[in-house]
$ cat my_file_24.txt   # compact mmCIF, C-alpha atoms and all ligand atoms
# COMPACT_ATOMS: atom_id res chain seq x y z
CA MET S 1 138.76 79.79 107.62
CA LEU S 2 140.97 80.69 110.60
CA ALA S 3 139.62 79.89 114.03
CA LEU S 4 139.61 82.61 116.69
CA SER S 5 140.23 79.94 119.33
CA ASP S 6 141.90 76.50 119.09
CA LYS S 7 139.89 75.10 122.01
CA LEU S 8 137.01 72.85 120.94
CA ASN S 9 134.74 73.85 123.82
CA THR S 10 134.83 77.60 123.34
CA VAL S 11 133.18 79.93 120.85
CA PRO S 12 134.22 83.58 120.42
CA PHE S 13 131.50 85.89 121.70
CA VAL S 14 131.16 89.57 120.79
CA SER S 15 129.24 91.33 123.57
CA VAL S 16 127.53 94.71 123.27
CA ASP S 17 130.57 96.24 124.99
CA HIS S 18 132.92 94.61 122.48
CA MET S 19 130.72 95.67 119.55
CA MET S 20 130.83 99.32 120.66
CA LYS S 21 134.62 99.13 121.05
CA ILE S 22 134.99 97.45 117.64
CA VAL S 23 132.92 100.20 115.98
CA LEU S 24 134.97 102.88 117.74
CA THR S 25 138.29 101.18 116.90
CA VAL S 26 137.45 100.75 113.21
CA GLY S 27 135.56 104.08 112.96
CA ILE S 28 131.83 103.96 112.29
CA GLU S 29 131.91 105.30 108.73
CA ARG S 30 134.73 102.96 107.73
CA PHE S 31 132.82 100.08 109.36
CA LEU S 32 129.69 100.99 107.35
CA CYS S 33 131.67 101.19 104.08
CA GLU S 34 133.56 97.93 104.62
CA LEU S 35 130.36 96.17 105.64
CA ALA S 36 128.56 97.52 102.55
CA GLU S 37 131.37 96.05 100.41
CA VAL S 38 130.96 92.63 102.04
CA ILE S 39 127.17 92.74 101.61
CA GLU S 40 127.61 93.74 97.95
CA GLU S 41 130.10 90.89 97.48
CA ASP S 42 127.57 88.40 98.88
CA PHE S 43 124.72 89.86 96.76
CA ARG S 44 126.97 89.22 93.73
CA ARG S 45 127.08 85.50 94.57
CA TRP S 46 123.38 85.39 95.52
CA LYS S 47 122.80 82.02 93.84
CA GLU S 48 125.26 80.25 96.18
CA PHE S 49 123.00 80.88 99.21
CA ASP S 50 120.11 78.91 100.73
CA LYS S 51 117.17 81.30 100.82
CA THR S 52 113.92 81.13 102.75
CA PRO S 53 111.51 83.76 104.09
CA ARG S 54 112.25 84.27 107.77
CA VAL S 55 110.33 82.24 110.33
CA ALA S 56 108.09 84.69 112.18
CA SER S 57 106.13 84.30 115.39
CA HIS S 58 103.60 87.13 115.58
CA SER S 59 101.92 88.33 118.76
CA ARG S 60 99.65 91.28 119.64
CA ASP S 61 102.45 93.81 120.12
CA GLY S 62 105.28 92.46 118.02
CA VAL S 63 107.11 89.71 116.26
CA ILE S 64 110.03 87.37 116.97
CA GLU S 65 111.88 86.08 113.92
CA LEU S 66 114.60 83.59 113.00
CA MET S 67 116.66 84.32 109.88
CA PRO S 68 118.82 81.45 108.58
CA THR S 69 121.03 81.11 105.49
CA SER S 70 124.13 79.28 104.28
CA ASP S 71 126.56 79.46 101.36
CA GLY S 72 127.60 75.83 101.84
CA ARG S 73 130.76 76.77 103.78
CA ASP S 74 129.31 78.90 106.56
CA TYR S 75 125.85 78.95 108.09
CA SER S 76 124.26 81.79 110.03
CA PHE S 77 121.05 82.69 111.76
CA LYS S 78 119.80 85.75 113.56
CA TYR S 79 117.19 86.00 116.30
CA VAL S 80 115.45 89.36 116.03
CA ASN S 81 112.33 90.95 117.46
CA GLY S 82 110.23 93.96 116.45
CA HIS S 83 108.09 95.51 119.20
CA PRO S 84 107.21 99.18 118.44
CA LYS S 85 105.72 99.70 121.94
CA ASN S 86 108.97 98.69 123.67
CA THR S 87 110.47 102.20 123.75
CA ARG S 88 107.70 103.24 126.19
CA SER S 89 109.19 100.87 128.79
CA GLY S 90 112.81 101.84 128.07
CA ARG S 91 113.42 98.88 125.76
CA GLN S 92 114.58 98.80 122.13
CA THR S 93 112.01 98.21 119.35
CA VAL S 94 114.51 95.85 117.70
CA THR S 95 117.02 93.62 119.50
CA ALA S 96 119.01 90.77 118.02
CA PHE S 97 121.79 88.25 118.41
CA GLY S 98 123.21 85.76 115.97
CA VAL S 99 125.48 82.82 115.27
CA LEU S 100 127.94 81.97 112.47
CA SER S 101 128.83 78.28 112.09
CA ASP S 102 131.17 76.07 110.11
CA VAL S 103 129.08 73.87 107.79
CA ASP S 104 131.65 71.00 107.72
CA THR S 105 131.48 70.36 111.46
CA GLY S 106 128.30 72.23 112.45
CA TYR S 107 130.35 73.96 115.15
CA PRO S 108 129.55 77.63 115.86
CA VAL S 109 132.55 79.87 115.14
CA LEU S 110 131.08 83.18 116.37
CA ILE S 111 128.23 84.35 118.59
CA SER S 112 127.44 88.02 118.63
CA GLU S 113 125.10 90.70 119.85
CA MET S 114 123.29 91.94 116.77
CA THR S 115 121.20 94.88 117.96
CA ILE S 116 123.94 97.33 117.01
CA LEU S 117 125.08 95.11 114.15
CA THR S 118 121.54 95.08 112.68
CA ALA S 119 121.42 98.89 112.66
CA LEU S 120 124.82 98.94 110.92
CA ARG S 121 123.94 96.28 108.34
CA THR S 122 120.54 97.83 107.61
CA ALA S 123 122.18 101.20 106.99
CA SER S 124 124.99 99.70 104.88
CA THR S 125 122.44 97.78 102.78
CA SER S 126 120.27 100.92 102.33
CA ALA S 127 123.23 103.02 101.17
CA MET S 128 124.59 100.23 98.93
CA ALA S 129 121.14 99.97 97.28
CA ALA S 130 120.97 103.76 96.87
CA LYS S 131 124.30 103.72 94.96
CA TYR S 132 122.42 101.87 92.20
CA LEU S 133 118.95 103.38 92.63
CA ALA S 134 119.26 107.04 93.68
CA SER S 135 119.91 110.01 91.42
CA ARG S 136 123.55 111.14 91.38
CA GLU S 137 122.31 114.73 91.74
CA THR S 138 121.22 114.01 95.33
CA ALA S 139 122.61 116.46 97.87
CA ALA S 140 120.02 116.17 100.65
CA MET S 141 118.07 113.29 102.11
CA ALA S 142 115.04 113.16 104.38
CA ILE S 143 114.71 110.75 107.28
CA ILE S 144 111.20 110.25 108.63
CA GLY S 145 111.27 108.33 111.91
CA ASN S 146 114.24 109.42 114.00
CA GLY S 147 114.62 106.41 116.29
CA ALA S 148 117.43 103.91 116.86
CA GLN S 149 118.13 103.28 113.16
CA SER S 150 118.20 106.92 112.04
CA GLU S 151 121.77 108.06 112.79
CA PHE S 152 123.16 104.84 111.26
CA GLN S 153 121.14 105.52 108.11
CA ALA S 154 122.43 109.09 107.82
CA LEU S 155 126.04 108.07 108.48
CA ALA S 156 125.93 105.29 105.87
CA PHE S 157 124.57 107.68 103.22
CA HIS S 158 127.23 110.21 104.23
CA ALA S 159 130.02 107.63 104.01
CA LEU S 160 128.93 105.89 100.81
CA LEU S 161 127.22 108.66 98.84
CA GLY S 162 128.66 111.83 100.35
CA ILE S 163 125.27 113.14 101.52
CA ASP S 164 125.85 115.81 104.14
CA LYS S 165 122.41 117.44 104.45
CA VAL S 166 119.63 115.59 106.26
CA ARG S 167 116.05 116.76 106.80
CA LEU S 168 114.56 115.11 109.88
CA TYR S 169 111.01 114.50 111.05
CA ASP S 170 109.51 112.36 113.83
CA VAL S 171 106.14 112.55 115.58
CA ASP S 172 108.23 112.87 118.74
CA PRO S 173 110.27 116.10 118.46
CA SER S 174 112.69 114.92 121.17
CA ALA S 175 113.74 112.04 118.86
CA THR S 176 114.47 114.53 116.08
CA SER S 177 116.52 116.77 118.42
CA ARG S 178 118.60 113.81 119.62
CA CYS S 179 119.25 112.60 116.08
CA ALA S 180 120.17 116.12 114.90
CA ARG S 181 122.57 116.62 117.83
CA ASN S 182 124.33 113.32 117.12
CA LEU S 183 124.61 114.03 113.39
CA ASN S 184 125.79 117.63 113.86
CA GLU S 185 128.65 116.29 115.99
CA ARG S 186 129.76 114.34 112.92
CA GLY S 187 129.62 117.34 110.59
CA ILE S 188 126.29 116.47 108.98
CA HIS S 189 124.01 119.47 108.47
CA THR S 190 120.47 118.84 109.75
CA THR S 191 117.12 120.59 109.27
CA LEU S 192 114.48 119.87 111.90
CA CYS S 193 111.07 119.68 110.22
CA ARG S 194 107.56 119.98 111.64
CA SER S 195 105.93 117.51 109.28
CA ALA S 196 106.82 114.70 106.90
CA GLU S 197 105.70 116.98 104.04
CA GLU S 198 108.25 119.59 105.08
CA ALA S 199 110.98 116.94 105.48
CA VAL S 200 110.71 115.65 101.90
CA GLU S 201 110.96 119.15 100.34
CA GLY S 202 113.98 119.17 98.00
CA ALA S 203 115.18 115.72 99.11
CA LEU S 204 115.90 113.24 96.31
CA ILE S 205 116.40 110.41 98.82
CA VAL S 206 113.69 109.77 101.41
CA THR S 207 114.24 107.18 104.13
CA THR S 208 111.20 106.08 106.12
CA ALA S 209 112.17 104.35 109.36
CA THR S 210 109.09 104.63 111.54
CA ALA S 211 107.85 101.96 113.92
CA ASP S 212 104.12 101.37 114.20
CA LYS S 213 102.27 98.07 114.06
CA GLN S 214 99.82 99.13 111.36
CA CYS S 215 99.54 99.95 107.67
CA ALA S 216 100.51 103.59 108.17
CA THR S 217 100.70 106.29 105.51
CA ILE S 218 104.00 108.05 106.09
CA LEU S 219 104.39 109.03 102.42
CA THR S 220 101.33 109.95 100.36
CA ASP S 221 101.37 110.11 96.59
CA ASN S 222 101.71 113.92 96.40
CA MET S 223 104.86 113.82 98.60
CA VAL S 224 106.94 111.81 96.14
CA GLY S 225 108.06 113.78 93.09
CA ALA S 226 109.96 112.80 89.95
CA GLY S 227 113.48 111.50 90.47
CA VAL S 228 113.03 110.55 94.14
CA HIS S 229 114.48 107.38 95.64
CA VAL S 230 112.46 106.04 98.59
CA ASN S 231 114.38 103.87 101.03
CA ALA S 232 111.46 102.24 102.89
CA VAL S 233 112.94 100.61 105.98
CA GLY S 234 110.15 100.60 108.58
CA GLY S 235 107.52 98.46 106.83
CA ASP S 236 108.77 94.96 107.52
CA CYS S 237 105.89 92.85 108.82
CA PRO S 238 102.44 91.71 107.69
CA GLY S 239 100.11 94.65 108.44
CA LYS S 240 103.06 97.07 109.05
CA THR S 241 103.79 99.33 106.06
CA GLU S 242 104.61 102.99 105.42
CA LEU S 243 103.77 103.96 101.83
CA GLN S 244 100.48 104.82 100.20
CA LYS S 245 99.78 102.27 97.47
CA ASP S 246 99.71 104.99 94.77
CA VAL S 247 103.40 105.74 95.43
CA LEU S 248 104.22 102.11 94.64
CA TYR S 249 102.19 102.14 91.42
CA ARG S 250 104.28 105.10 90.12
CA SER S 251 107.61 103.53 91.12
CA ASP S 252 110.06 100.88 90.06
CA ILE S 253 110.27 98.61 93.09
CA PHE S 254 113.41 96.81 94.25
CA VAL S 255 113.37 94.13 96.94
CA GLU S 256 115.80 91.77 98.66
CA PHE S 257 114.15 88.32 98.41
CA THR S 258 110.75 88.44 96.67
CA PRO S 259 108.98 85.60 98.59
CA GLN S 260 109.79 87.29 101.93
CA SER S 261 108.98 90.80 100.67
CA ARG S 262 105.56 89.70 99.35
CA ILE S 263 104.74 88.72 102.97
CA GLU S 264 106.43 91.57 104.85
CA GLY S 265 107.26 94.47 102.57
CA GLU S 266 105.34 97.42 101.14
CA ILE S 267 104.41 95.12 98.24
CA GLN S 268 102.16 93.06 100.55
CA ASN S 269 99.59 95.78 99.65
CA LEU S 270 99.93 95.07 95.89
CA PRO S 271 98.71 92.13 93.78
CA GLU S 272 100.95 89.03 94.01
CA ASP S 273 102.10 89.41 90.40
CA HIS S 274 103.09 93.10 90.57
CA PRO S 275 106.57 93.27 88.97
CA VAL S 276 109.57 93.82 91.26
CA THR S 277 113.32 93.54 90.75
CA GLU S 278 115.61 91.83 93.26
CA LEU S 279 118.57 94.01 94.25
CA TRP S 280 121.13 91.29 93.47
CA GLU S 281 120.02 91.41 89.82
CA VAL S 282 120.98 95.09 89.72
CA VAL S 283 124.25 94.55 91.61
CA THR S 284 125.29 91.85 89.11
CA GLY S 285 124.32 94.05 86.14
CA GLN S 286 121.55 91.73 84.92
CA LYS S 287 118.91 94.45 85.47
CA THR S 288 119.13 98.23 85.44
CA GLY S 289 118.65 100.25 88.64
CA ARG S 290 118.11 103.96 87.97
CA LYS S 291 117.38 104.59 84.30
CA ASN S 292 116.82 108.36 84.25
CA ASN S 293 116.41 111.46 86.41
CA ARG S 294 112.61 111.35 86.44
CA GLN S 295 112.19 107.73 87.53
CA ILE S 296 110.87 107.08 91.05
CA THR S 297 112.59 104.13 92.73
CA VAL S 298 111.58 102.35 95.94
CA PHE S 299 113.88 100.05 97.87
CA ASP S 300 111.27 98.03 99.77
CA SER S 301 113.68 96.93 102.50
CA VAL S 302 112.62 94.32 105.05
CA GLY S 303 116.05 92.95 106.00
CA PHE S 304 117.18 89.60 104.64
CA ALA S 305 119.28 86.78 106.18
CA ILE S 306 122.16 87.19 103.69
CA GLU S 307 122.81 90.73 105.02
CA ASP S 308 123.20 89.27 108.52
CA PHE S 309 125.43 86.50 107.17
CA SER S 310 127.63 89.18 105.58
CA ALA S 311 127.65 91.19 108.81
CA LEU S 312 128.73 88.17 110.88
CA ARG S 313 131.34 87.20 108.27
CA TYR S 314 132.79 90.73 108.37
CA LEU S 315 132.56 90.94 112.16
CA ARG S 316 134.44 87.67 112.57
CA GLU S 317 137.39 89.10 110.66
CA VAL S 318 137.31 92.41 112.59
CA ALA S 319 136.94 90.69 115.99
CA GLU S 320 139.96 88.56 115.15
CA ARG S 321 141.96 91.61 114.02
CA THR S 322 141.10 93.70 117.08
CA GLY S 323 141.05 90.88 119.66
CA LEU S 324 137.71 92.24 120.89
CA SER S 325 135.81 89.07 121.88
CA VAL S 326 135.74 86.60 124.77
CA ASP S 327 135.72 82.81 124.66
CA LEU S 328 132.39 81.32 125.76
CA ASP S 329 132.47 77.82 127.24
CA LEU S 330 129.58 76.70 125.01
CA LEU S 331 130.29 73.26 123.57
CA ALA S 332 130.72 70.07 125.59
CA ASP S 333 134.14 68.55 124.81
CA PRO S 334 134.63 65.16 126.55
CA ASP S 335 138.03 63.39 126.19
CA ASP S 336 136.20 60.60 124.34
CA PRO S 337 133.58 62.29 122.09
CA ARG S 338 131.07 59.52 122.89
CA ASP S 339 131.58 59.67 126.65
CA LEU S 340 129.39 62.71 127.25
CA TYR S 341 127.87 61.14 130.37
CA GLY S 342 131.32 60.26 131.74
CA MET S 343 132.27 63.93 131.54
CA ILE S 344 129.51 64.74 134.06
CA GLN S 345 130.68 61.88 136.31
CA ARG S 346 134.25 63.22 136.28
CA CYS S 347 132.95 66.69 137.11
CA ALA S 348 131.01 65.21 140.08
CA ALA S 349 134.16 63.39 141.26
CA GLN S 350 136.20 66.60 141.02
CA LYS S 351 133.50 68.46 142.99
CA ASP S 352 133.50 65.76 145.72
CA SER S 353 137.30 65.73 146.06
CA LYS S 354 137.29 69.53 146.34
CA SER S 355 134.62 69.48 149.09
CA LEU S 356 136.62 66.79 151.01
CA ALA S 357 139.85 68.79 150.76
N1 LIG I 401 114.35 96.87 106.89
C1 LIG I 401 115.18 96.48 107.81
O1 LIG I 401 116.14 95.76 107.51
C2 LIG I 401 114.99 96.94 109.21
C3 LIG I 401 116.03 96.77 110.16
C4 LIG I 401 115.86 97.31 111.43
C5 LIG I 401 114.65 97.95 111.77
N2 LIG I 401 113.66 98.04 110.84
C6 LIG I 401 112.39 98.72 111.15
O2 LIG I 401 112.68 100.11 111.13
C7 LIG I 401 111.77 100.80 111.99
C8 LIG I 401 112.54 101.75 112.89
O3 LIG I 401 113.31 100.98 113.80
P1 LIG I 401 113.96 101.70 115.06
O4 LIG I 401 114.79 100.67 115.73
O5 LIG I 401 114.58 102.99 114.65
O6 LIG I 401 112.65 101.99 115.91
P2 LIG I 401 112.44 103.12 117.04
O7 LIG I 401 111.22 102.71 117.79
O8 LIG I 401 113.70 103.34 117.78
O9 LIG I 401 112.14 104.46 116.19
C9 LIG I 401 111.00 104.63 115.42
C10 LIG I 401 110.66 106.12 115.40
O10 LIG I 401 109.54 106.32 114.51
C11 LIG I 401 108.78 107.37 115.06
N3 LIG I 401 107.44 107.32 114.45
C12 LIG I 401 106.43 106.44 114.65
N4 LIG I 401 105.37 106.76 113.87
C13 LIG I 401 105.73 107.84 113.14
C14 LIG I 401 105.09 108.63 112.15
N5 LIG I 401 103.84 108.36 111.77
N6 LIG I 401 105.74 109.67 111.61
C15 LIG I 401 107.02 109.97 112.00
N7 LIG I 401 107.68 109.27 112.94
C16 LIG I 401 107.05 108.21 113.50
C17 LIG I 401 108.78 107.10 116.56
O11 LIG I 401 108.43 108.25 117.30
C18 LIG I 401 110.24 106.68 116.76
O12 LIG I 401 111.08 107.75 117.12
C19 LIG I 401 111.01 99.71 112.74
O13 LIG I 401 109.74 99.58 112.16
C20 LIG I 401 111.83 98.46 112.53
O14 LIG I 401 111.04 97.29 112.56
C21 LIG I 401 113.81 97.55 109.58

$ encode --input "my_file_24.txt" --output "C-alpha cells"
Amino acid sequence: MLALSDKLNTVPFVSVDHMMKIVLTVGIERFLCELAEVIEEDFRRWKEFDKTPRVASHSRDGVIELMPTSDGRDYSFKYVNGHPKNTRSGRQTVTAFGVLSDVDTGYPVLISEMTILTALRTASTSAMAAKYLASRETAAMAIIGNGAQSEFQALAFHALLGIDKVRLYDVDPSATSRCARNLNERGIHTTLCRSAEEAVEGALIVTTATADKQCATILTDNMVGAGVHVNAVGGDCPGKTELQKDVLYRSDIFVEFTPQSRIEGEIQNLPEDHPVTELWEVVTGQKTGRKNNRQITVFDSVGFAIEDFSALRYLREVAERTGLSVDLDLLADPDDPRDLYGMIQRCAAQKDSKSLA
C-alpha cells in the first residue's frame, strides 16, 4: 500500500473541511457509487475479516461505540455516538471519527472525520443492499425520518437504482421541507406527506431513519404491502427499534453481522433463533435476495465495522488522489527508536537554547 507521507511521525488527517471538499471534487453521487462498489467488494471477501459486535457504552440519553475490524493487512476502528436528543442543543445525533492502520507495523495510515463519511457509507450500503433485495419495478421510495441521513439515502438510491421520486415524512415538518429543498436542487422529485401512512403509499422501497431512544412503531403491519423492501436504518441499539414485530414475521430479513444485529437490530424483538440471512451471503450468490414480486424484504441495518473499513480504504485512495488531507504530527519518532526519553531531553535543550538566544 502506498503511503500518503514518507515521514514516520506524521499521519494523514482528513478534516471535516477536507471531507466536504473531497465529496464536492469527486461529486456526491459518484462518491456514493464508488463507495458502494468498495463495500460490495469487501462483503464478497467477508470471511477474510475479523468480526465482533461493536463495543457499546450505553447511558441515559445515548450510546458511544467502538467498531473494530481487520482483513489481516489493514485494521480500522470507528468511534461513533448516537444521541437522539442532541439536535435540540444544535448537535448532531451521530458523530464519528476513525483510523485505518497498517497491520504489519501497527502504524496508523489515515485518521479521518467520519460524521459525513458515516452518512455516505450508510447510504451506499442501503442502496447496495436494495440492488439485491428491492423489486426492479420500484419507481418511488418513501423516507420516514428526514434528518441528517435522509438526503444521503435518497441520493444513493438515485445514483445506484435510478429512483427519482421520494415521498418524505418527519414528525418535524421543517425537517421534511429542508430535505425536499435539498433533493429538488438535485433533480429528485419529492412529495411532502403529513403522515407515515401517506408516505408509504405506492412506494416499493421504504427507508426508516428516525431517531428516538425507544422501541417505536414507525411502520405497522398494515403499512407494508406485498413486494415492499424496507430499509430499516434507525433501529440500531438495544431498546431502539422502528418496526412492529408483525412486519418482521411477514418478511425475509437480511442483516449485516447476525451476532451484532441480534443485540441492536429490529430482530432484537424476535426469538434468538428466528431465521435471518447475512447480506454477504446474497452478494456472493450463496443465498437468494428477492425471489418474487410479492415477497416483503427487510434490510435490518445497524451499521457494521466492515462498512467503515471499506469507507476508510476508499477515502485513503481519494485523499491521495486529490491531495485533500494534512499531515498530523501524531507518532513519536526518536532518532534511536528506544531513546524515547532522550527525545524529550533534546526538546528541552532546544527550548533552553532558544530562550537564551
Ligand atoms: N444503520 C446505520 O448504519 C445507521 C447509520 C447512521 C445513523 N443511523 C441511525 O439513523 C437514525 C437517523 O439518524 P440521523 O443522523 O438522520 O438523525 P437525526 O436526529 O438527524 O434525524 C432523525 C429524524 O427523525 C425524526 N423522527 C423522530 N421520530 C420520528 C417519528 N416517530 N416519525 C417520523 N420522524 C421521526 C426527527 O424529527 C428527525 O428529523 C438514528 O437513529 C441513527 O442512530 C443508523

$ axis_aligned_box --input "my_file_24.txt" --around "ligand LIG 401 (chain I)" --padding-each-side "3 Å" --output "AutoDock Vina command-line options"
--center_x 110.0 --center_y 102.9 --center_z 112.3 --size_x 18.3 --size_y 20.2 --size_z 16.9

$ atom_distance --input "my_file_24.txt" --atom1 "atom CA of S:His58" --atom2 "atom CA of S:Gly239"
10.9 Å

$ residues_around --input "my_file_24.txt" --residues "stretch 225-237 of chain S" --least-positions-apart "6" --cutoff "9 Å" --atoms "only C-alpha atoms" --output "JSON, numbers by chain"
{"S": [63, 82, 122, 126, 127, 129, 130, 133, 134, 135, 138, 145, 203, 204, 205, 206, 207, 208, 209, 210, 211, 212, 213, 214, 215, 216, 243, 261, 263, 264, 265, 266, 292, 293, 294, 295, 296, 297, 298, 299, 300, 301, 302, 303]}

$ closest_residue --input "my_file_24.txt" --among "S:Val94, S:Ala305, S:Leu312, S:Leu160" --to "ligand LIG 401 (chain I)" --atoms "only C-alpha atoms and all ligand atoms"
S:Val94

$ residues_around --input "my_file_24.txt" --residues "S:Ser101" --least-positions-apart "3" --cutoff "10 Å" --atoms "only C-alpha atoms" --output "number ranges by chain"
S: 11, 70, 73-77, 104-111, 312

$ closest_residue --input "my_file_24.txt" --among "S:Ile22, S:Lys47, S:Tyr79, S:Arg88" --to "ligand LIG 401 (chain I)" --atoms "only C-alpha atoms and all ligand atoms"
S:Arg88

$ residues_around --input "my_file_24.txt" --residues "S:Phe304" --least-positions-apart "4" --cutoff "12 Å" --atoms "all atoms listed in the file" --output "PyMOL selection string"
chain S and resi 39+42-43+46+49-55+65-69+76-78+80+118+121-122+125-126+233+236+255-261+264-265+278-280+300+308-311

$ closest_residue --input "my_file_24.txt" --among "S:Asp61, S:Glu113, S:Glu37, S:Glu307" --to "ligand LIG 401 (chain I)" --atoms "only C-alpha atoms and all ligand atoms"
S:Glu307

$ residues_around --input "my_file_24.txt" --residues "stretch 332-342 of chain S" --least-positions-apart "5" --cutoff "10 Å" --atoms "all atoms listed in the file" --output "list in words"
Lys7, Leu8, Asn9, Thr10, Cys347 and Ala348 of chain S

$ atom_distance --input "my_file_24.txt" --atom1 "atom CA of S:Ser89" --atom2 "atom O13 of ligand LIG 401 (chain I)"
16.7 Å

$ closest_residue --input "my_file_24.txt" --among "S:Ser251, S:Ser355, S:Gln345, S:Thr115" --to "S:Gln92" --atoms "all atoms listed in the file"
S:Thr115

$ closest_residue --input "my_file_24.txt" --among "S:Pro275, S:Pro173, S:Gly323, S:Gly187" --to "ligand LIG 401 (chain I)" --atoms "only C-alpha atoms and all ligand atoms"
S:Pro173

$ atom_distance --input "my_file_24.txt" --atom1 "atom CA of S:Arg346" --atom2 "atom CA of S:Leu330"
18.2 Å

$ closest_residue --input "my_file_24.txt" --among "S:Glu40, S:Glu242, S:Asp221, S:Glu34" --to "ligand LIG 401 (chain I)" --atoms "all atoms listed in the file"
S:Glu242

$ residues_around --input "my_file_24.txt" --residues "S:Asn184" --least-positions-apart "4" --cutoff "12 Å" --atoms "all atoms listed in the file" --output "list of chain:residue names"
S:Glu151, S:Ala154, S:Leu155, S:Asp164, S:Lys165, S:Val166, S:Thr176, S:Ser177, S:Arg178, S:Cys179, S:Ala180, S:Ile188, S:His189, S:Thr190, S:Thr191, S:Leu192

$ build_atoms --input "my_file_24.txt" --residues "stretch 343-349 of chain S" --atoms "all heavy atoms" --output "PDB file, keeping the file's coordinate frame"
ATOM      1  N   MET S 343     131.745  62.590 131.256  1.00  0.00           N
ATOM      2  CA  MET S 343     132.270  63.930 131.540  1.00  0.00           C
ATOM      3  C   MET S 343     131.566  64.509 132.774  1.00  0.00           C
ATOM      4  O   MET S 343     132.192  65.149 133.627  1.00  0.00           O
ATOM      5  CB  MET S 343     132.048  64.828 130.323  1.00  0.00           C
ATOM      6  CG  MET S 343     132.801  66.125 130.377  1.00  0.00           C
ATOM      7  SD  MET S 343     132.731  67.030 128.817  1.00  0.00           S
ATOM      8  CE  MET S 343     131.173  67.825 128.965  1.00  0.00           C
ATOM      9  N   ILE S 344     130.269  64.246 132.890  1.00  0.00           N
ATOM     10  CA  ILE S 344     129.510  64.740 134.060  1.00  0.00           C
ATOM     11  C   ILE S 344     129.981  64.003 135.316  1.00  0.00           C
ATOM     12  O   ILE S 344     130.165  64.610 136.383  1.00  0.00           O
ATOM     13  CB  ILE S 344     127.992  64.530 133.870  1.00  0.00           C
ATOM     14  CG1 ILE S 344     127.509  65.213 132.586  1.00  0.00           C
ATOM     15  CG2 ILE S 344     127.211  65.070 135.066  1.00  0.00           C
ATOM     16  CD1 ILE S 344     126.062  64.913 132.233  1.00  0.00           C
ATOM     17  N   GLN S 345     130.221  62.681 135.158  1.00  0.00           N
ATOM     18  CA  GLN S 345     130.680  61.880 136.310  1.00  0.00           C
ATOM     19  C   GLN S 345     132.014  62.421 136.829  1.00  0.00           C
ATOM     20  O   GLN S 345     132.218  62.564 138.031  1.00  0.00           O
ATOM     21  CB  GLN S 345     130.862  60.403 135.901  1.00  0.00           C
ATOM     22  CG  GLN S 345     129.604  59.740 135.472  1.00  0.00           C
ATOM     23  CD  GLN S 345     128.585  59.698 136.606  1.00  0.00           C
ATOM     24  OE1 GLN S 345     127.707  60.557 136.669  1.00  0.00           O
ATOM     25  NE2 GLN S 345     128.722  58.755 137.516  1.00  0.00           N
ATOM     26  N   ARG S 346     132.933  62.723 135.869  1.00  0.00           N
ATOM     27  CA  ARG S 346     134.250  63.220 136.280  1.00  0.00           C
ATOM     28  C   ARG S 346     134.123  64.583 136.960  1.00  0.00           C
ATOM     29  O   ARG S 346     134.809  64.890 137.911  1.00  0.00           O
ATOM     30  CB  ARG S 346     135.199  63.305 135.085  1.00  0.00           C
ATOM     31  CG  ARG S 346     135.754  61.947 134.668  1.00  0.00           C
ATOM     32  CD  ARG S 346     136.888  62.077 133.644  1.00  0.00           C
ATOM     33  NE  ARG S 346     136.411  62.572 132.359  1.00  0.00           N
ATOM     34  CZ  ARG S 346     135.763  61.827 131.455  1.00  0.00           C
ATOM     35  NH1 ARG S 346     135.505  60.549 131.705  1.00  0.00           N
ATOM     36  NH2 ARG S 346     135.383  62.345 130.315  1.00  0.00           N
ATOM     37  N   CYS S 347     133.168  65.379 136.496  1.00  0.00           N
ATOM     38  CA  CYS S 347     132.950  66.690 137.110  1.00  0.00           C
ATOM     39  C   CYS S 347     132.452  66.492 138.550  1.00  0.00           C
ATOM     40  O   CYS S 347     132.890  67.179 139.475  1.00  0.00           O
ATOM     41  CB  CYS S 347     131.936  67.479 136.294  1.00  0.00           C
ATOM     42  SG  CYS S 347     131.518  69.058 137.009  1.00  0.00           S
ATOM     43  N   ALA S 348     131.543  65.486 138.736  1.00  0.00           N
ATOM     44  CA  ALA S 348     131.010  65.210 140.080  1.00  0.00           C
ATOM     45  C   ALA S 348     132.142  64.758 140.993  1.00  0.00           C
ATOM     46  O   ALA S 348     132.244  65.190 142.151  1.00  0.00           O
ATOM     47  CB  ALA S 348     129.933  64.130 139.991  1.00  0.00           C
ATOM     48  N   ALA S 349     133.034  63.889 140.449  1.00  0.00           N
ATOM     49  CA  ALA S 349     134.160  63.390 141.260  1.00  0.00           C
ATOM     50  C   ALA S 349     135.068  64.545 141.662  1.00  0.00           C
ATOM     51  O   ALA S 349     135.506  64.631 142.822  1.00  0.00           O
ATOM     52  CB  ALA S 349     134.938  62.351 140.458  1.00  0.00           C
TER      53      ALA S 349
END
